file data_4.tsv (TSV, C-alpha atoms and all ligand atoms)
chain	number	residue	atom	x	y	z
A	1	MET	CA	23.05	164.57	61.61
A	2	ALA	CA	22.72	167.89	59.82
A	3	ASP	CA	20.51	170.54	61.37
A	4	LEU	CA	17.20	170.29	59.47
A	5	ASP	CA	15.85	173.66	60.61
A	6	ASP	CA	17.32	175.56	57.70
A	7	LEU	CA	17.18	172.99	54.94
A	8	ARG	CA	17.72	174.98	51.74
A	9	GLU	CA	16.73	173.48	48.42
A	10	GLY	CA	19.68	173.49	45.98
A	11	ALA	CA	19.23	175.75	42.96
A	12	ASP	CA	22.61	176.16	41.28
A	13	PHE	CA	23.16	173.03	39.16
A	14	SER	CA	24.86	174.62	36.12
A	15	LYS	CA	24.74	173.34	32.55
A	16	GLU	CA	28.52	172.86	32.45
A	17	PRO	CA	29.59	169.31	31.57
A	18	VAL	CA	30.95	167.28	34.47
A	19	ARG	CA	34.62	168.06	35.05
A	20	ASN	CA	37.50	165.56	35.09
A	21	GLN	CA	35.55	163.19	32.89
A	22	THR	CA	37.29	161.09	30.24
A	23	PHE	CA	35.40	157.78	30.40
A	24	HIS	CA	32.14	157.72	28.41
A	25	ILE	CA	29.98	157.01	31.46
A	26	LYS	CA	29.21	159.79	33.90
A	27	GLY	CA	30.86	159.48	37.30
A	28	SER	CA	32.77	156.32	36.38
A	29	ASP	CA	36.29	157.60	35.78
A	30	ASN	CA	37.63	156.29	39.04
A	31	LEU	CA	36.10	152.83	38.94
A	32	ASP	CA	38.04	149.62	38.58
A	33	TRP	CA	38.55	147.99	35.16
A	34	GLY	CA	35.94	145.29	35.74
A	35	MET	CA	33.28	147.82	36.70
A	36	LYS	CA	34.07	149.91	33.64
A	37	ASP	CA	33.97	146.86	31.41
A	38	ARG	CA	30.53	145.87	32.73
A	39	LEU	CA	29.17	149.41	32.48
A	40	SER	CA	30.49	149.60	28.91
A	41	ARG	CA	28.42	146.55	28.03
A	42	ILE	CA	25.34	148.48	29.19
A	43	PHE	CA	26.17	151.99	27.91
A	44	ARG	CA	27.37	151.98	24.30
A	45	PRO	CA	30.85	153.49	24.09
A	46	SER	CA	29.86	155.17	20.79
A	47	THR	CA	26.99	157.17	22.34
A	48	GLY	CA	27.36	156.80	26.12
A	49	LYS	CA	23.69	155.80	26.23
A	50	THR	CA	21.62	152.68	26.69
A	51	VAL	CA	18.32	151.06	25.85
A	52	MET	CA	17.56	148.63	28.66
A	53	LEU	CA	14.60	146.36	28.06
A	54	ALA	CA	12.82	145.81	31.38
A	55	PHE	CA	10.77	142.66	31.89
A	56	ASP	CA	11.10	142.14	35.64
A	57	HIS	CA	7.48	143.18	36.31
A	58	GLY	CA	6.33	139.62	37.04
A	59	PHE	CA	8.44	139.45	40.20
A	60	ILE	CA	5.74	141.48	41.95
A	61	MET	CA	2.75	141.31	39.59
A	62	GLY	CA	2.86	137.88	37.95
A	63	PRO	CA	2.11	137.34	34.25
A	64	THR	CA	1.12	140.87	33.29
A	65	SER	CA	0.02	141.77	29.76
A	66	GLY	CA	2.84	141.30	27.28
A	67	LEU	CA	4.84	139.09	29.63
A	68	GLU	CA	2.61	136.01	29.61
A	69	ARG	CA	5.30	134.12	27.67
A	70	ILE	CA	8.66	135.85	27.91
A	71	ASP	CA	10.20	133.27	25.59
A	72	LEU	CA	7.77	134.43	22.89
A	73	SER	CA	7.42	138.15	23.59
A	74	ILE	CA	10.87	139.24	24.80
A	75	THR	CA	13.22	136.93	22.90
A	76	PRO	CA	12.51	138.53	19.49
A	77	LEU	CA	13.33	141.97	20.96
A	78	ILE	CA	16.68	141.02	22.48
A	79	LYS	CA	18.71	141.98	19.42
A	80	TYR	CA	17.46	145.58	19.56
A	81	ALA	CA	18.29	146.15	23.26
A	82	ASP	CA	21.62	147.09	24.78
A	83	CYS	CA	20.80	145.43	28.09
A	84	LEU	CA	18.16	143.05	29.43
A	85	MET	CA	16.68	143.74	32.86
A	86	GLY	CA	14.95	140.77	34.44
A	87	ALA	CA	14.69	138.54	37.48
A	88	ARG	CA	16.93	135.48	37.72
A	89	GLY	CA	14.12	132.96	37.32
A	90	MET	CA	13.10	134.42	33.98
A	91	ILE	CA	16.65	134.95	32.76
A	92	ARG	CA	17.48	131.30	33.45
A	93	SER	CA	14.24	129.82	32.19
A	94	SER	CA	13.40	131.98	29.23
A	95	ILE	CA	16.35	133.99	27.87
A	96	PRO	CA	18.78	132.19	25.53
A	97	ALA	CA	22.24	132.08	27.12
A	98	ASP	CA	23.84	132.82	23.76
A	99	SER	CA	22.08	136.21	23.46
A	100	ASN	CA	25.35	137.88	24.42
A	101	LYS	CA	23.63	140.94	25.85
A	102	ALA	CA	24.40	142.75	29.08
A	103	ILE	CA	22.18	141.60	31.93
A	104	CYS	CA	20.93	143.94	34.64
A	105	LEU	CA	19.75	141.45	37.20
A	106	ARG	CA	16.83	142.32	39.45
A	107	SER	CA	18.48	141.42	42.72
A	108	ASP	CA	15.96	142.13	45.44
A	109	ALA	CA	12.77	140.25	46.08
A	110	GLY	CA	9.87	140.41	48.47
A	111	THR	CA	6.22	141.21	48.50
A	112	SER	CA	3.67	141.22	45.70
A	113	ILE	CA	1.14	143.80	44.55
A	114	LEU	CA	-1.39	142.04	46.81
A	115	THR	CA	0.30	143.25	50.01
A	116	GLU	CA	2.54	146.10	51.11
A	117	LEU	CA	5.40	146.67	48.71
A	118	ASN	CA	9.09	147.13	49.33
A	119	TYR	CA	9.95	144.80	52.20
A	120	ASN	CA	12.62	143.37	49.97
A	121	VAL	CA	15.60	141.16	50.72
A	122	LEU	CA	18.76	140.93	48.66
A	123	ILE	CA	19.69	138.04	46.43
A	124	ASP	CA	23.18	136.61	46.96
A	125	ILE	CA	25.76	138.40	44.78
A	126	GLN	CA	27.14	134.95	43.91
A	127	ASP	CA	24.12	134.37	41.73
A	128	ALA	CA	24.74	137.61	39.86
A	129	ILE	CA	28.32	136.41	39.28
A	130	ARG	CA	27.07	133.01	38.05
A	131	LEU	CA	24.70	134.75	35.65
A	132	ASN	CA	27.51	137.02	34.41
A	133	ALA	CA	25.40	140.07	35.30
A	134	SER	CA	26.71	143.43	34.12
A	135	ALA	CA	24.78	145.17	36.91
A	136	ILE	CA	22.36	144.41	39.73
A	137	ALA	CA	19.17	146.41	40.27
A	138	ILE	CA	17.97	147.21	43.78
A	139	MET	CA	14.91	149.20	44.78
A	140	ALA	CA	14.96	152.18	47.16
A	141	SER	CA	11.67	153.50	48.49
A	142	VAL	CA	12.70	156.97	49.63
A	143	GLY	CA	9.99	158.73	51.60
A	144	ASP	CA	8.11	155.59	52.61
A	145	ALA	CA	8.41	155.60	56.41
A	146	ALA	CA	7.95	151.85	56.78
A	147	THR	CA	10.53	150.72	54.24
A	148	GLU	CA	12.90	153.58	53.46
A	149	ALA	CA	15.56	152.41	55.91
A	150	ILE	CA	15.29	148.75	54.86
A	151	THR	CA	15.61	149.53	51.19
A	152	MET	CA	18.44	152.04	51.59
A	153	ALA	CA	20.27	149.44	53.69
A	154	ASN	CA	19.74	147.04	50.76
A	155	ILE	CA	21.39	149.56	48.42
A	156	CYS	CA	24.37	149.88	50.77
A	157	ARG	CA	24.76	146.11	51.18
A	158	ALA	CA	24.44	145.59	47.42
A	159	VAL	CA	27.12	148.22	46.79
A	160	ASP	CA	29.42	146.52	49.32
A	161	ALA	CA	28.92	143.16	47.61
A	162	GLY	CA	29.09	144.71	44.13
A	163	GLN	CA	32.38	146.45	44.92
A	164	LYS	CA	33.93	143.12	45.94
A	165	ALA	CA	32.74	141.42	42.76
A	166	GLY	CA	33.24	144.38	40.40
A	167	ILE	CA	29.52	144.48	39.62
A	168	PRO	CA	27.80	147.90	39.36
A	169	VAL	CA	24.56	148.61	41.23
A	170	MET	CA	21.54	150.31	39.72
A	171	GLY	CA	19.35	152.06	42.32
A	172	VAL	CA	15.68	151.81	41.35
A	173	THR	CA	13.64	154.63	42.83
A	174	ALA	CA	10.20	153.37	43.86
A	175	VAL	CA	7.63	156.07	44.41
A	176	GLY	CA	5.70	155.85	47.67
A	177	LYS	CA	1.93	156.27	47.41
A	178	ASP	CA	1.97	159.67	49.11
A	179	MET	CA	5.03	161.10	47.38
A	180	ALA	CA	4.76	163.92	44.82
A	181	ARG	CA	6.27	162.82	41.50
A	182	ASP	CA	8.25	166.03	41.10
A	183	ALA	CA	11.83	167.08	40.48
A	184	ARG	CA	12.45	167.76	44.14
A	185	TYR	CA	11.44	164.23	45.13
A	186	PHE	CA	13.26	162.46	42.27
A	187	SER	CA	16.40	164.56	42.89
A	188	LEU	CA	16.37	163.49	46.52
A	189	ALA	CA	15.79	159.80	45.77
A	190	SER	CA	18.31	159.68	42.90
A	191	ARG	CA	20.99	161.56	44.79
A	192	MET	CA	20.54	159.29	47.83
A	193	CYS	CA	21.09	156.22	45.65
A	194	ALA	CA	24.23	157.77	44.12
A	195	GLU	CA	25.60	159.03	47.43
A	196	ASN	CA	25.27	155.54	48.82
A	197	GLY	CA	27.28	154.13	45.92
A	198	ALA	CA	24.86	153.24	43.14
A	199	ASN	CA	26.58	153.45	39.74
A	200	ILE	CA	23.33	153.96	37.78
A	201	VAL	CA	19.96	155.31	38.92
A	202	LYS	CA	16.63	154.41	37.41
A	203	THR	CA	13.91	156.96	38.02
A	204	TYR	CA	10.93	158.60	36.34
A	205	TYR	CA	10.71	161.59	34.03
A	206	CYS	CA	9.02	164.70	35.47
A	207	ASP	CA	8.79	168.45	34.84
A	208	GLY	CA	12.13	170.09	35.64
A	209	PHE	CA	13.96	166.81	34.99
A	210	GLU	CA	17.24	168.65	34.27
A	211	LYS	CA	17.52	169.23	38.00
A	212	VAL	CA	17.30	165.48	38.63
A	213	THR	CA	20.01	164.61	36.10
A	214	SER	CA	22.36	167.49	36.86
A	215	SER	CA	22.31	166.87	40.60
A	216	CYS	CA	23.00	163.15	40.20
A	217	PRO	CA	26.70	162.30	39.63
A	218	VAL	CA	26.01	159.00	37.85
A	219	PRO	CA	23.91	158.12	34.77
A	220	ILE	CA	20.15	158.24	35.06
A	221	VAL	CA	17.88	156.01	33.00
A	222	ILE	CA	14.14	156.48	32.96
A	223	ALA	CA	11.44	153.89	33.38
A	224	GLY	CA	8.66	154.20	30.85
A	225	GLY	CA	5.80	153.74	33.31
A	226	LYS	CA	2.30	152.80	32.25
A	227	LYS	CA	1.54	152.18	28.59
A	228	LEU	CA	1.14	155.38	26.58
A	229	PRO	CA	0.29	155.93	22.91
A	230	GLU	CA	3.52	155.30	20.98
A	231	LEU	CA	4.06	158.94	19.98
A	232	ASP	CA	3.73	160.05	23.61
A	233	ALA	CA	6.16	157.39	24.80
A	234	LEU	CA	8.69	158.49	22.17
A	235	GLU	CA	8.24	162.11	23.23
A	236	LEU	CA	8.89	161.05	26.84
A	237	CYS	CA	12.16	159.43	25.72
A	238	TYR	CA	13.15	162.47	23.66
A	239	LYS	CA	12.52	164.91	26.50
A	240	ALA	CA	14.36	162.72	29.01
A	241	ILE	CA	17.44	162.36	26.79
A	242	ASN	CA	17.51	166.07	26.06
A	243	ASP	CA	17.19	166.81	29.76
A	244	GLY	CA	20.28	164.72	30.51
A	245	ALA	CA	19.13	161.11	30.85
A	246	SER	CA	21.64	158.50	29.72
A	247	GLY	CA	19.00	156.17	28.40
A	248	VAL	CA	15.85	154.28	29.18
A	249	ASP	CA	14.96	151.19	31.15
A	250	MET	CA	11.66	150.64	29.44
A	251	GLY	CA	9.15	147.82	29.72
A	252	ARG	CA	5.42	148.24	29.14
A	253	ASN	CA	5.75	150.89	26.45
A	254	VAL	CA	7.73	148.35	24.45
A	255	PHE	CA	6.26	144.92	25.19
A	256	GLN	CA	2.65	146.19	25.36
A	257	SER	CA	3.02	148.16	22.12
A	258	GLU	CA	0.97	147.05	19.12
A	259	ALA	CA	4.34	146.48	17.40
A	260	PRO	CA	7.02	145.84	20.05
A	261	ALA	CA	9.94	145.29	17.65
A	262	ALA	CA	9.14	148.51	15.80
A	263	MET	CA	8.76	150.37	19.06
A	264	ILE	CA	12.07	149.33	20.58
A	265	GLN	CA	13.87	150.29	17.36
A	266	ALA	CA	12.20	153.71	17.40
A	267	VAL	CA	13.11	154.17	21.07
A	268	SER	CA	16.69	153.20	20.30
A	269	ALA	CA	16.84	155.78	17.50
A	270	VAL	CA	15.70	158.50	19.91
A	271	VAL	CA	18.22	157.43	22.56
A	272	HIS	CA	21.26	156.81	20.36
A	273	GLU	CA	20.63	159.06	17.35
A	274	ASN	CA	18.62	161.81	19.04
A	275	LEU	CA	15.74	161.47	16.58
A	276	THR	CA	12.81	163.70	17.46
A	277	SER	CA	9.66	161.93	18.59
A	278	SER	CA	7.81	162.78	15.37
A	279	VAL	CA	10.58	161.35	13.15
A	280	ALA	CA	10.87	158.31	15.41
A	281	PHE	CA	7.10	157.83	15.22
A	282	GLU	CA	7.31	157.79	11.41
A	283	MET	CA	10.04	155.18	11.76
A	284	PHE	CA	7.77	153.17	14.09
A	285	ASN	CA	4.93	153.28	11.57
A	286	ASP	CA	7.20	152.28	8.68
A	287	LEU	CA	8.61	149.35	10.62
A	288	LYS	CA	5.15	148.31	11.82
A	289	ALA	CA	3.89	148.22	8.24
A	290	LYS	CA	6.64	145.85	7.07
B	301	LIG	C1	9.84	148.55	38.34
B	301	LIG	O1	10.32	148.42	39.48
B	301	LIG	C2	10.16	147.60	37.38
B	301	LIG	O2	11.41	147.24	37.79
B	301	LIG	C3	10.25	147.97	35.89
B	301	LIG	O3	11.42	147.44	35.41
B	301	LIG	C4	10.28	149.43	35.59
B	301	LIG	O4	9.18	150.06	36.14
B	301	LIG	C5	10.39	149.72	34.09
B	301	LIG	O5	9.30	149.25	33.44
B	301	LIG	P1	8.20	150.19	32.84
B	301	LIG	O6	8.85	150.92	31.70
B	301	LIG	O7	7.13	149.28	32.39
B	301	LIG	O8	7.76	151.16	33.91

call {"tool": "encode", "arguments": {"input": "data_4.tsv", "output": "structure tokens", "more": "lines below"}}
Ligand code: R5P
result
Amino acid sequence: MADLDDLREGADFSKEPVRNQTFHIKGSDNLDWGMKDRLSRIFRPSTGKTVMLAFDHGFIMGPTSGLERIDLSITPLIKYADCLMGARGMIRSSIPADSNKAICLRSDAGTSILTELNYNVLIDIQDAIRLNASAIAIMASVGDAATEAITMANICRAVDAGQKAGIPVMGVTAVGKDMARDARYFSLASRMCAENGANIVKTYYCDGFEKVTSSCPVPIVIAGGKKLPELDALELCYKAINDGASGVDMGRNVFQSEAPAAMIQAVSAVVHENLTSSVAFEMFNDLKAK
């Protein structure tokens, strides 16, 4: 183990594009064909970015607002997303199999919001194969003494299984109660996921986010977090993309919006067309009025 006495925080991340990069997805040049094919279903080859629609919240919190009936609330939004992120029970029961969208399958499971979080176990990779998943999503709770080792071991085991099946892993950084939501913490958590083999990292936007993206060798997508006013959520997307994020994995700010279909289209325009938040907000209002 490295000597921790003189642990120096990295500071030289450079704005230079990643070298030796020809494939449209960061850090993926040396992957096998099947991995690249699956990642290309998630990240549009034309932009290198993605809008993932997250609706896996019920796996820890039950029927939260906006997800009471996934067949009614999420199905109409499918056509606007690049990728659907959900748990296997909801994919099988509520998502039409002819949607022909990439699936990022929530592939760990465990405790609910009623008890301690993060004691998760992995779902068998065979089920991800059966569901034709384009990626599997696994949580890592870096900095939480009780569960950090368990969840990082889950990432490693998922990467081992994913490598055999050609299925990419998305590391999902969970924030421990006592952790500061700053660039130093998210850089550590994101880099740990990538160093252990995750092909995508989902994390949260923060001040100094460029440090998080530039120090992570694979694409970062941001979660939206709690519901914000639409303009603020669009500004969050805009800042994240301009600070190096490769897309969003957004849930509540879409399905809890007053106009979810308008919102996901506005988010997509920010991600793929680099619309500013104010222009995207006008687009949201126009679409909402129709
Ligand atoms: C968190 O672990 C869940 O997996 C959600 O998918 C994630 O937080 C994204 O949803 P939201 O944009 O609502 O935060």

call {"tool": "closest_residue", "arguments": {"input": "data_4.tsv", "among": "A:Asn285, A:Ser246, A:Asn196, A:Ser107", "to": "ligand LIG 301 (chain B)", "atoms": "only C-alpha atoms and all ligand atoms"}}
result
A:Ser107

call {"tool": "closest_residue", "arguments": {"input": "data_4.tsv", "among": "A:Gly62, A:Pro217, A:Gly48, A:Gly225", "to": "ligand LIG 301 (chain B)", "atoms": "all atoms listed in the file"}}
result
A:Gly225

call {"tool": "closest_residue", "arguments": {"input": "data_4.tsv", "among": "A:Gly66, A:Gly10, A:Pro260, A:Gly251", "to": "ligand LIG 301 (chain B)", "atoms": "only C-alpha atoms and all ligand atoms"}}
result
A:Gly251

call {"tool": "residues_around", "arguments": {"input": "data_4.tsv", "residues": "Gly34 in chain A", "least_positions_apart": "2", "cutoff": "12 Å", "atoms": "all atoms listed in the file", "output": "ChimeraX atom specification"}}
result
/A:28,30-32,36-41,132-135,162-168

call {"tool": "closest_residue", "arguments": {"input": "data_4.tsv", "among": "A:Gly86, A:Cys156, A:Glu258, A:Pro76", "to": "Ala289 in chain A", "atoms": "only C-alpha atoms"}}
result
A:Glu258

call {"tool": "closest_residue", "arguments": {"input": "data_4.tsv", "among": "A:Val201, A:Leu122, A:Ala269, A:Met35", "to": "Ala189 in chain A", "atoms": "only C-alpha atoms"}}
result
A:Val201

call {"tool": "closest_residue", "arguments": {"input": "data_4.tsv", "among": "A:Val270, A:Lys226, A:Ile95, A:Leu275", "to": "Ser65 in chain A", "atoms": "all atoms listed in the file"}}
result
A:Lys226

call {"tool": "atom_distance", "arguments": {"input": "data_4.tsv", "atom1": "CA of Asp71 in chain A", "atom2": "CA of Ser99 in chain A"}}
result
12.4 Å

call {"tool": "atom_distance", "arguments": {"input": "data_4.tsv", "atom1": "CA of Asp243 in chain A", "atom2": "CA of Lys202 in chain A"}}
result
14.6 Å

call {"tool": "atom_distance", "arguments": {"input": "data_4.tsv", "atom1": "CA of Ile70 in chain A", "atom2": "atom O7 of ligand LIG 301 (chain B)"}}
result
14.2 Å

call {"tool": "residues_near_point", "arguments": {"input": "data_4.tsv", "point": "(13.9, 161.0, 31.3)", "cutoff": "6 Å", "atoms": "all atoms listed in the file", "output": "compact mmCIF listing (two decimals) with C-alpha atoms, in the coordinates of the input"}}
result
# COMPACT_ATOMS: atom_id res chain seq x y z
CA TYR A 205 10.71 161.59 34.03
CA ILE A 222 14.14 156.48 32.96
CA ALA A 240 14.36 162.72 29.01
CA ILE A 241 17.44 162.36 26.79
CA ALA A 245 19.13 161.11 30.85

call {"tool": "residues_around", "arguments": {"input": "data_4.tsv", "residues": "Ala259 in chain A", "least_positions_apart": "5", "cutoff": "10 Å", "atoms": "only C-alpha atoms", "output": "PyMOL selection string"}}
result
chain A and resi 230+254+264+284-285+287-289

call {"tool": "residues_near_ligand", "arguments": {"input": "data_4.tsv", "ligand": "ligand LIG 301 (chain B)", "cutoff": "8 Å", "atoms": "only C-alpha atoms and all ligand atoms", "output": "list in words"}}
result
Ala54, Phe55, Asp56, His57, Met85, Gly86, Arg106, Met139, Val172, Thr173, Ala174, Ile222, Ala223, Gly224, Gly225, Lys226, Lys227, Asp249, Met250, Gly251, Arg252, Asn253 and Val254 of chain A

call {"tool": "residues_around", "arguments": {"input": "data_4.tsv", "residues": "Ala183 in chain A", "least_positions_apart": "3", "cutoff": "8 Å", "atoms": "only C-alpha atoms", "output": "list in words"}}
result
Phe186, Ser187, Cys206, Asp207, Gly208, Phe209, Lys211 and Val212 of chain A

call {"tool": "residues_near_point", "arguments": {"input": "data_4.tsv", "point": "(11.7, 135.5, 40.8)", "cutoff": "8 Å", "atoms": "all atoms listed in the file", "output": "VMD selection string"}}
result
chain A and resid 58 to 59 87 to 90 109

call {"tool": "residues_around", "arguments": {"input": "data_4.tsv", "residues": "Ile155 in chain A", "least_positions_apart": "2", "cutoff": "12 Å", "atoms": "only C-alpha atoms", "output": "PyMOL selection string"}}
result
chain A and resi 107-108+120-123+136-142+148-153+157-163+168-173+189-190+192-201
